[in-house]
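Participant: I am attaching a structure below and will ask some questions about it afterwards.
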Amino acid sequence: MVERKTRQPRNRRFSVGLDARQLAAAFFLVAALIVVSALLGQELGPLNIIILSAMVVVAMGLGLWYLIFHGLRRAASGNLELLLEVISTSPEGRLITTKDGMYVASNNAYLKLLGLPIRGTRKTLKDILTDDPEAAHQVSQILKTAVYEGSSGPRTDIQMKSGRWLSILAHSIEAIPENIIWYVTETTRQHRQEEDERIERQKLSEYFNNAPVGFYSLDGDGKIQFVNRIFAEWLGYHQDELVNDVMNFSDLIIQNSDDQLTFMEDLTEAGQLFEGEVDLRRRDSTVLPVHITQTIVRDDAGNVLGSRSVVRELLQEQEWRERVASAELHFRRFFEAAPIGIVLLDGDGVVIEGNPAFRALTETVLNSAVGSHVTELVQFEDQPHLQHKLEAAFVSSSASTPIEVKLKGGAERAANLYISAIAGSDENSGRFLVHVVDTSIQRNLEVQFAQSQKMQAVGQLAGGIAHDFNNLLTAMIGFCDLLMLKHQVGDPSYSDINQIKQNANRAAGLVRQLLAFSRQQTLRPEVTDLTDVLAELSNLLRRLIGEAIQLKISHARDLWLVKVDRGQFEQVIINLAVNGRDAMSGDGQLTFETENLTITERGKEYHELIPRGDYIQVKVSDTGTGIPDDVIEKIFEPFFTTKKVGEGTGLGLSTVYGIIKQTGGFIFAENNTEIPGTTFYIFLPRYMDTAEAVTGEEAPLQVHRDLTGTGTILLVEDEDPVRLFAVRALQNKGYNVLQADCGETALEVAAEHDGEIDLLITDVVMPNMDGPTLVKNVLAKKPDMKVIFISGYAEDAFRKDLDYDVSKIDFLPKPFSLKEIANKVKEVMSRDQ
């Protein structure tokens, strides 16, 4: 029997009091009257037609809605009736409510369970538990969950004030979506405790089976009583295969040695606790290394009941150990083979460990470096700065900027220290990791680069001064020549003029030294065998250094060829010989050695500045007093000298440096290590074109006895004294000379001149339009014109920048005399005639 609440059906009504069917009938009736009126002869207007159509549509819609609504109500009512039939026979309490919690129906089991009368009862669980707010709240939560989630989830146990326990479940029904069905049964405390224990056992079993370690238990005979799933999987078995009194644990143990675990043979002799490593045999006969911690279980009489054990698999641990050992090995290799110094310090800055590169930099052995403070390894003036950096790194986690220090040791070594703080297990156990980068070579290169820049700047200044001096000296020497043409040799004025010219020539020699230093002098390179040069100079060198100094010249066999200006290289040898003679103070030995040398790697075998290639090395050694360390870096600077005033100009070694550099070579000076004195090392690049014939001396300039001639010459020179002297000198020799003080004027003069111009003589450096530009413009119109450049700079300084054929271009360096310019013009004018 199902107790059901009787409810009167409620019709859906509109505000006018008519239900849907009546309203639809009314609309159809009005529509019918309109149609009848039309049939009786009354004309239907547009408004009547619209009203008639709307009423018909509304009437049809209301009728259709009525049919659908009442059809759904009948279907839901049928499903509810069927559900009531089902729950009436259920032995478990059933209750049906609305989603609002209102009573709909219940079965007799529900009424008997709660002690309610069979007739007239319409109470829900919430109604019954009104005097128990906590239980009523639980029922409300069950209803809310069922309404919004479709089900209340697992059963919920609720204790009533009477002490009874109700087990409740509720969920919605798809066939009757407006209702909720409740399942209500009675439970007991013992049942709840059993259920809780079952759940706890299930959780414990789940924990043991899925724990990351193995568990097993044995009885007193050593047979397996329990293993968890993970341990069984390690061995390759199912849990059921290892239990059920079918296997002893000792069957799984591999006896590899006498001292391996045999505790399963006689548990009575085992202690309370065992811990050790054992090799177990898997199902596939492979070895499983494990660590076992076993506890023996005894009864009150001390008899062994069995054991309980925890197993830790060691394969992964062994892999970790191997990885750690491999990582440590790789780190140790990196640490030992690192090309930069690495040192580990404790929190106080004391050296704990250093790699070989660090020990090589600091020139210490491990035993002497370990235990000393890191500041003891640097120069005294750098110690406070380094200590400050250590303190700053200790309180800051950011990477510190490098500190440059000078290391202690025999040779002066500079290094950059990169200090990083390493956190320890606590705030007071930090350490320092210091990377030491050797910057000695870099510092030397920086010093040499700065020196090179300084030398270049001084060279440019010297070259500019030499150019201006050459213009002045050209005019002085030239006008002296013109004056000497007017005076006889016995004339007193002739001697005075000759003195002026000689001193001007001496000044010209000094200017040539400046140009040699600045590498702007004109060189006449030729393929040369240095063995011949030294052999021919040997007699001169012996007279130059005196009898008290021994001269030793050692020639290499099959010495390679070089391409140098022979006269300038002889000047280099003479300057070095004089320098060595002065250093030995009249007694000692001066040695010249030549050697073929191949450099395969820059900076490894010889100086860092010398690139790879083949060189001829010339060593010039003396046994003098040597050069102080603070002086040896300055010896190639112009005007630097340690001699007394009047004993030297300071241009000797600077001239040597300029000639060697302009030739493409290198020169260095070092103090001897085994014997007193200094050695100069000269590296000259090997000349590879052996097809070119080796010449002796450069062919002398052809000298013409008759310097007179004819023809028209255009002379362009911006320096008035030089131009005036050159014009008079050439006019005296019979030439027609056109003159201009700049390139623009020269073009105008050439354009206005009616006849042919046979020769163009022009200065190289002029304001606005320089000499090469002038020649380019002239040759564009008159390609056969002959050209002579005159300049106080080296010939190579402008020839390399010319973009036209320079094979027919001649050069006359300043300062020049009357005879030299007349001879050069005679040579060029007579060519191809």
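In the structure tokens, each chain is lettered A, B, ... as it comes, each chain's residues begin at 1, and ligands are numbered from 1 in order of appearance.
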Go through segment 570-614 of chain A and collect every residue that DSSP, computed from the backbone, puts in helix (DSSP H, G or I); the answer should be as a list in words.
Facilitator: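 Those in segment 570-614 of chain A that DSSP calls helix (DSSP H, G or I) are Glu570, Gln571, Val572, Ile573, Ile574, Asn575, Leu576, Ala577, Val578, Asn579, Gly580, Arg581, Asp582, Ala583 and Met584 of chain A.
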Participant: Limited to all heavy atoms, could you put the picked residues into a file as an mmCIF file, in the first residue's frame?
Facilitator:
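Result file follows (selection.cif):
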```
data_model
loop_
_atom_site.group_PDB
_atom_site.id
_atom_site.type_symbol
_atom_site.label_atom_id
_atom_site.label_comp_id
_atom_site.auth_asym_id
_atom_site.auth_seq_id
_atom_site.Cartn_x
_atom_site.Cartn_y
_atom_site.Cartn_z
ATOM 1 N N GLU A 570 121.544 47.956 -43.650
ATOM 2 C CA GLU A 570 122.905 48.170 -43.145
ATOM 3 C C GLU A 570 122.906 49.214 -42.042
ATOM 4 O O GLU A 570 123.657 49.096 -41.059
ATOM 5 C CB GLU A 570 123.819 48.593 -44.288
ATOM 6 C CG GLU A 570 124.104 47.481 -45.290
ATOM 7 C CD GLU A 570 124.929 47.973 -46.462
ATOM 8 O OE1 GLU A 570 125.143 49.206 -46.554
ATOM 9 O OE2 GLU A 570 125.375 47.138 -47.284
ATOM 10 N N GLN A 571 122.038 50.240 -42.193
ATOM 11 C CA GLN A 571 121.933 51.253 -41.148
ATOM 12 C C GLN A 571 121.431 50.635 -39.847
ATOM 13 O O GLN A 571 121.867 50.998 -38.746
ATOM 14 C CB GLN A 571 120.992 52.368 -41.609
ATOM 15 C CG GLN A 571 120.856 53.525 -40.634
ATOM 16 C CD GLN A 571 122.157 54.314 -40.512
ATOM 17 O OE1 GLN A 571 122.909 54.464 -41.464
ATOM 18 N NE2 GLN A 571 122.422 54.811 -39.306
ATOM 19 N N VAL A 572 120.492 49.671 -39.949
ATOM 20 C CA VAL A 572 119.977 48.966 -38.763
ATOM 21 C C VAL A 572 121.107 48.224 -38.058
ATOM 22 O O VAL A 572 121.275 48.316 -36.832
ATOM 23 C CB VAL A 572 118.854 47.988 -39.182
ATOM 24 C CG1 VAL A 572 118.504 47.041 -38.027
ATOM 25 C CG2 VAL A 572 117.627 48.748 -39.632
ATOM 26 N N ILE A 573 121.903 47.482 -38.831
ATOM 27 C CA ILE A 573 122.995 46.705 -38.231
ATOM 28 C C ILE A 573 124.005 47.632 -37.557
ATOM 29 O O ILE A 573 124.480 47.372 -36.439
ATOM 30 C CB ILE A 573 123.682 45.849 -39.310
ATOM 31 C CG1 ILE A 573 122.689 44.835 -39.891
ATOM 32 C CG2 ILE A 573 124.891 45.137 -38.729
ATOM 33 C CD1 ILE A 573 122.126 43.881 -38.881
ATOM 34 N N ILE A 574 124.344 48.731 -38.233
ATOM 35 C CA ILE A 574 125.330 49.662 -37.661
ATOM 36 C C ILE A 574 124.800 50.281 -36.378
ATOM 37 O O ILE A 574 125.519 50.387 -35.367
ATOM 38 C CB ILE A 574 125.688 50.744 -38.703
ATOM 39 C CG1 ILE A 574 126.460 50.103 -39.868
ATOM 40 C CG2 ILE A 574 126.491 51.865 -38.067
ATOM 41 C CD1 ILE A 574 126.702 51.040 -41.025
ATOM 42 N N ASN A 575 123.510 50.712 -36.361
ATOM 43 C CA ASN A 575 122.935 51.317 -35.151
ATOM 44 C C ASN A 575 122.931 50.333 -33.987
ATOM 45 O O ASN A 575 123.244 50.702 -32.838
ATOM 46 C CB ASN A 575 121.518 51.803 -35.428
ATOM 47 C CG ASN A 575 121.500 53.120 -36.170
ATOM 48 O OD1 ASN A 575 122.514 53.822 -36.223
ATOM 49 N ND2 ASN A 575 120.375 53.475 -36.759
ATOM 50 N N LEU A 576 122.588 49.058 -34.239
ATOM 51 C CA LEU A 576 122.579 48.068 -33.167
ATOM 52 C C LEU A 576 123.995 47.781 -32.685
ATOM 53 O O LEU A 576 124.207 47.552 -31.474
ATOM 54 C CB LEU A 576 121.906 46.780 -33.643
ATOM 55 C CG LEU A 576 120.396 46.873 -33.927
ATOM 56 C CD1 LEU A 576 119.855 45.537 -34.419
ATOM 57 C CD2 LEU A 576 119.638 47.306 -32.675
ATOM 58 N N ALA A 577 124.954 47.780 -33.588
ATOM 59 C CA ALA A 577 126.350 47.559 -33.181
ATOM 60 C C ALA A 577 126.837 48.696 -32.301
ATOM 61 O O ALA A 577 127.503 48.467 -31.273
ATOM 62 C CB ALA A 577 127.230 47.410 -34.416
ATOM 63 N N VAL A 578 126.530 49.912 -32.677
ATOM 64 C CA VAL A 578 126.939 51.068 -31.862
ATOM 65 C C VAL A 578 126.249 51.024 -30.499
ATOM 66 O O VAL A 578 126.862 51.313 -29.456
ATOM 67 C CB VAL A 578 126.619 52.377 -32.611
ATOM 68 C CG1 VAL A 578 126.828 53.586 -31.698
ATOM 69 C CG2 VAL A 578 127.464 52.491 -33.863
ATOM 70 N N ASN A 579 124.979 50.638 -30.496
ATOM 71 C CA ASN A 579 124.244 50.564 -29.236
ATOM 72 C C ASN A 579 124.857 49.510 -28.310
ATOM 73 O O ASN A 579 125.024 49.731 -27.103
ATOM 74 C CB ASN A 579 122.774 50.227 -29.529
ATOM 75 C CG ASN A 579 121.908 50.298 -28.281
ATOM 76 O OD1 ASN A 579 121.557 51.371 -27.826
ATOM 77 N ND2 ASN A 579 121.563 49.142 -27.726
ATOM 78 N N GLY A 580 125.248 48.341 -28.876
ATOM 79 C CA GLY A 580 125.885 47.303 -28.071
ATOM 80 C C GLY A 580 127.261 47.718 -27.601
ATOM 81 O O GLY A 580 127.660 47.414 -26.468
ATOM 82 N N ARG A 581 128.029 48.391 -28.451
ATOM 83 C CA ARG A 581 129.363 48.872 -28.068
ATOM 84 C C ARG A 581 129.272 49.805 -26.875
ATOM 85 O O ARG A 581 130.041 49.699 -25.905
ATOM 86 C CB ARG A 581 130.000 49.591 -29.247
ATOM 87 C CG ARG A 581 131.388 50.163 -28.968
ATOM 88 C CD ARG A 581 131.732 51.236 -29.978
ATOM 89 N NE ARG A 581 130.815 52.386 -29.878
ATOM 90 C CZ ARG A 581 130.797 53.405 -30.745
ATOM 91 N NH1 ARG A 581 131.632 53.402 -31.779
ATOM 92 N NH2 ARG A 581 129.960 54.422 -30.588
ATOM 93 N N ASP A 582 128.313 50.754 -26.910
ATOM 94 C CA ASP A 582 128.179 51.712 -25.809
ATOM 95 C C ASP A 582 127.760 51.016 -24.519
ATOM 96 O O ASP A 582 128.131 51.448 -23.415
ATOM 97 C CB ASP A 582 127.173 52.793 -26.179
ATOM 98 C CG ASP A 582 127.642 53.637 -27.359
ATOM 99 O OD1 ASP A 582 128.857 53.629 -27.638
ATOM 100 O OD2 ASP A 582 126.787 54.281 -28.015
ATOM 101 N N ALA A 583 126.953 49.901 -24.635
ATOM 102 C CA ALA A 583 126.496 49.198 -23.430
ATOM 103 C C ALA A 583 127.618 48.408 -22.783
ATOM 104 O O ALA A 583 127.586 48.144 -21.577
ATOM 105 C CB ALA A 583 125.331 48.263 -23.782
ATOM 106 N N MET A 584 128.633 47.997 -23.561
ATOM 107 C CA MET A 584 129.716 47.167 -23.011
ATOM 108 C C MET A 584 130.877 47.979 -22.488
ATOM 109 O O MET A 584 131.820 47.413 -21.908
ATOM 110 C CB MET A 584 130.206 46.183 -24.091
ATOM 111 C CG MET A 584 129.212 45.086 -24.390
ATOM 112 S SD MET A 584 129.812 43.880 -25.602
ATOM 113 C CE MET A 584 129.644 44.812 -27.119
#
```
Participant: Output as number ranges by chain all residues of segment 73-184 of chain A that backbone DSSP marks as strand (DSSP E or B).
Facilitator: A: 93-98, 103-107, 151, 156-159, 165-172, 179-184
Participant: Suppose we keep C-alpha atoms; can you now write the selection as a compact mmCIF listing (two decimals), in the first residue's frame?
Facilitator:
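Saved result, out_27.txt, follows:
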```txt
# COMPACT_ATOMS: atom_id res chain seq x y z
CA GLY A 93 11.63 2.44 3.13
CA ARG A 94 10.84 4.62 0.12
CA LEU A 95 9.72 8.24 0.08
CA ILE A 96 8.81 10.47 -2.86
CA THR A 97 8.92 14.27 -2.49
CA THR A 98 8.94 17.27 -4.76
CA TYR A 103 5.53 15.11 0.57
CA VAL A 104 4.14 13.20 -2.45
CA ALA A 105 3.97 9.53 -1.47
CA SER A 106 5.67 6.79 0.57
CA ASN A 107 5.44 3.01 1.06
CA SER A 151 22.17 12.14 -6.60
CA THR A 156 24.56 9.07 4.67
CA ASP A 157 24.09 7.83 8.23
CA ILE A 158 22.10 10.13 10.52
CA GLN A 159 21.55 9.54 14.24
CA TRP A 165 20.65 5.39 13.11
CA LEU A 166 19.12 5.95 9.67
CA SER A 167 20.95 5.26 6.42
CA ILE A 168 19.63 7.64 3.76
CA LEU A 169 20.12 7.95 -0.02
CA ALA A 170 18.25 10.31 -2.39
CA HIS A 171 18.31 10.97 -6.12
CA SER A 172 16.21 12.47 -8.88
CA ASN A 179 10.24 14.53 -7.91
CA ILE A 180 12.96 13.08 -5.67
CA ILE A 181 12.97 9.48 -4.40
CA TRP A 182 14.43 8.67 -0.97
CA TYR A 183 15.84 5.33 0.26
CA VAL A 184 15.63 5.03 4.05
```
Participant: Grab the atom CA of Val213 of chain A to atom CA of Leu288 of chain A distance for me, in Å with one decimal place.
Facilitator: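 Separating atom CA of Val213 of chain A from atom CA of Leu288 of chain A is a distance of 13.7 Å.
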Participant: Excluding Asp382 of chain A and its own-chain neighbours fewer than 2 positions away, which residues fall within 10 Å of it when counting only C-alpha atoms? Please give them as a list in words.
Facilitator: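 Here the answer would be Thr375, Glu376, Leu377, Val378, Gln379, Phe380, Pro384, His385, Leu386, Gln387, Ile403, Glu404, Val405, Lys406 and Leu407 of chain A.
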Participant: Residues as selected, C-alpha atoms, written as a CSV table (one decimal), in the first residue's frame, can you do that?
Facilitator:
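Result went into part-v8.csv, see below:
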```csv
chain,number,residue,atom,x,y,z
A,375,THR,CA,94.9,37.4,-0.1
A,376,GLU,CA,98.3,35.9,0.6
A,377,LEU,CA,98.6,34.9,-3.0
A,378,VAL,CA,98.3,38.4,-4.5
A,379,GLN,CA,100.5,41.5,-4.3
A,380,PHE,CA,100.4,43.5,-1.1
A,384,PRO,CA,92.7,45.1,0.9
A,385,HIS,CA,90.6,45.3,-2.4
A,386,LEU,CA,90.4,41.5,-2.6
A,387,GLN,CA,89.3,41.3,1.1
A,403,ILE,CA,88.6,42.3,-9.7
A,404,GLU,CA,92.0,42.6,-11.4
A,405,VAL,CA,95.0,41.8,-9.2
A,406,LYS,CA,98.7,41.0,-9.5
A,407,LEU,CA,99.7,37.6,-8.4
```
Participant: May I ask which of the residues A:Met102, A:Leu707, A:Leu724, A:Ala175 is the closest one to Ala475 of chain A, counting only C-alpha atoms?
Facilitator: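 For Ala475 of chain A, the nearest of the candidates is A:Leu724.
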Participant: Report as a ChimeraX atom specification all protein, DNA and RNA residues lying within 7 Å of segment 789-791 of chain A, evaluated on only C-alpha atoms, omitting residues in the same chain fewer than 3 positions from it.
Facilitator: /A:761-764,810-814
Participant: Kindly export the residues of the current selection with C-alpha atoms, as a PDB file, in the first residue's frame.
Facilitator:
```
ATOM      1  CA  ILE A 761     106.930  68.281 -62.194  1.00  0.00           C
ATOM      2  CA  THR A 762     104.513  68.535 -59.271  1.00  0.00           C
ATOM      3  CA  ASP A 763     104.566  68.358 -55.507  1.00  0.00           C
ATOM      4  CA  VAL A 764     102.453  65.563 -53.995  1.00  0.00           C
ATOM      5  CA  ASP A 810     109.107  59.129 -61.663  1.00  0.00           C
ATOM      6  CA  PHE A 811     109.860  60.335 -58.160  1.00  0.00           C
ATOM      7  CA  LEU A 812     112.389  62.780 -56.727  1.00  0.00           C
ATOM      8  CA  PRO A 813     112.538  62.910 -52.924  1.00  0.00           C
ATOM      9  CA  LYS A 814     113.091  66.140 -51.021  1.00  0.00           C
TER      10      LYS A 814
END
```
Participant: Using only C-alpha atoms, which residues sit within 12 Å of Ile788 of chain A once same-chain residues fewer than 5 positions away are excluded, as a PyMOL selection string?
Facilitator: chain A and resi 713-716+758-764+771-772+775+795+806-813+821+824-829
Participant: At a cut-off of 12 Å, using only C-alpha atoms, what residues contact Ile500 of chain A? Leave out same-chain residues fewer than 2 positions from it and give the result as a VMD selection string.
Facilitator: chain A and resid 473 475 to 481 483 to 484 493 to 498 502 to 507
Participant: What is the atom CA of Leu80 of chain A-atom CA of Glu186 of chain A distance in Å, reported with one decimal?
Facilitator: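 Computing the Euclidean distance for atom CA of Leu80 of chain A and atom CA of Glu186 of chain A yields 25.7 Å.
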Participant: Select, from A:Gly567, A:Gly665, A:Gly624, A:Gly153, the residue with the minimum atom-to-atom distance to Ile610 of chain A, counting only C-alpha atoms.
Facilitator: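 Of all the options, A:Gly665 lies closest to Ile610 of chain A.
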Participant: Near His435 of chain A, counting only C-alpha atoms, which residues have an atom at most 8 Å away, once you skip same-chain residues fewer than 5 positions from it, shown as a VMD selection string?
Facilitator: chain A and resid 340 to 343 417 to 419
Participant: Take the residues from that selection and write them out as a short mmCIF file (atom, residue, chain, number, x, y, z; two decimals), in the first residue's frame, keeping N, CA, C and O atoms.
Facilitator:
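Below is the file result-v5.cif, written as the result:
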```cif
data_model
loop_
_atom_site.label_atom_id
_atom_site.label_comp_id
_atom_site.auth_asym_id
_atom_site.auth_seq_id
_atom_site.Cartn_x
_atom_site.Cartn_y
_atom_site.Cartn_z
N ILE A 340 91.33 27.65 -16.99
CA ILE A 340 91.40 28.79 -16.08
C ILE A 340 91.49 28.26 -14.66
O ILE A 340 91.08 27.14 -14.36
N GLY A 341 92.03 29.07 -13.79
CA GLY A 341 92.18 28.66 -12.41
C GLY A 341 90.86 28.64 -11.67
O GLY A 341 90.03 29.54 -11.80
N ILE A 342 90.63 27.59 -10.88
CA ILE A 342 89.44 27.46 -10.04
C ILE A 342 89.90 27.13 -8.64
O ILE A 342 90.69 26.20 -8.44
N VAL A 343 89.42 27.90 -7.67
CA VAL A 343 89.82 27.68 -6.29
C VAL A 343 88.59 27.77 -5.41
O VAL A 343 87.69 28.59 -5.63
N LEU A 417 89.82 38.02 -11.01
CA LEU A 417 89.19 37.08 -10.08
C LEU A 417 87.68 37.30 -10.12
O LEU A 417 87.19 38.41 -9.90
N TYR A 418 86.93 36.22 -10.41
CA TYR A 418 85.47 36.24 -10.39
C TYR A 418 85.03 35.48 -9.14
O TYR A 418 85.19 34.26 -9.06
N ILE A 419 84.46 36.19 -8.18
CA ILE A 419 84.13 35.61 -6.87
C ILE A 419 82.63 35.37 -6.80
O ILE A 419 81.83 36.27 -7.05
#
```
Participant: When you count only C-alpha atoms, which of these residues is closest to Val434 of chain A: A:Phe469, A:Val350, A:Pro492, A:Ile635?
Facilitator: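 Under the stated criterion, the closest residue is A:Val350.
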Participant: Which residue, A:Asp706, A:Arg283, A:Phe636, A:Glu206, has the smallest gap to Ser830 of chain A when you use only C-alpha atoms?
Facilitator: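 Among the listed residues, the smallest separation from Ser830 of chain A belongs to A:Asp706.
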Participant: When you draw a straight line from atom CA of Glu595 of chain A to atom CA of Phe666 of chain A, how long is it in Å?
Facilitator: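 Distance reported for this atom pair: 14.7 Å.
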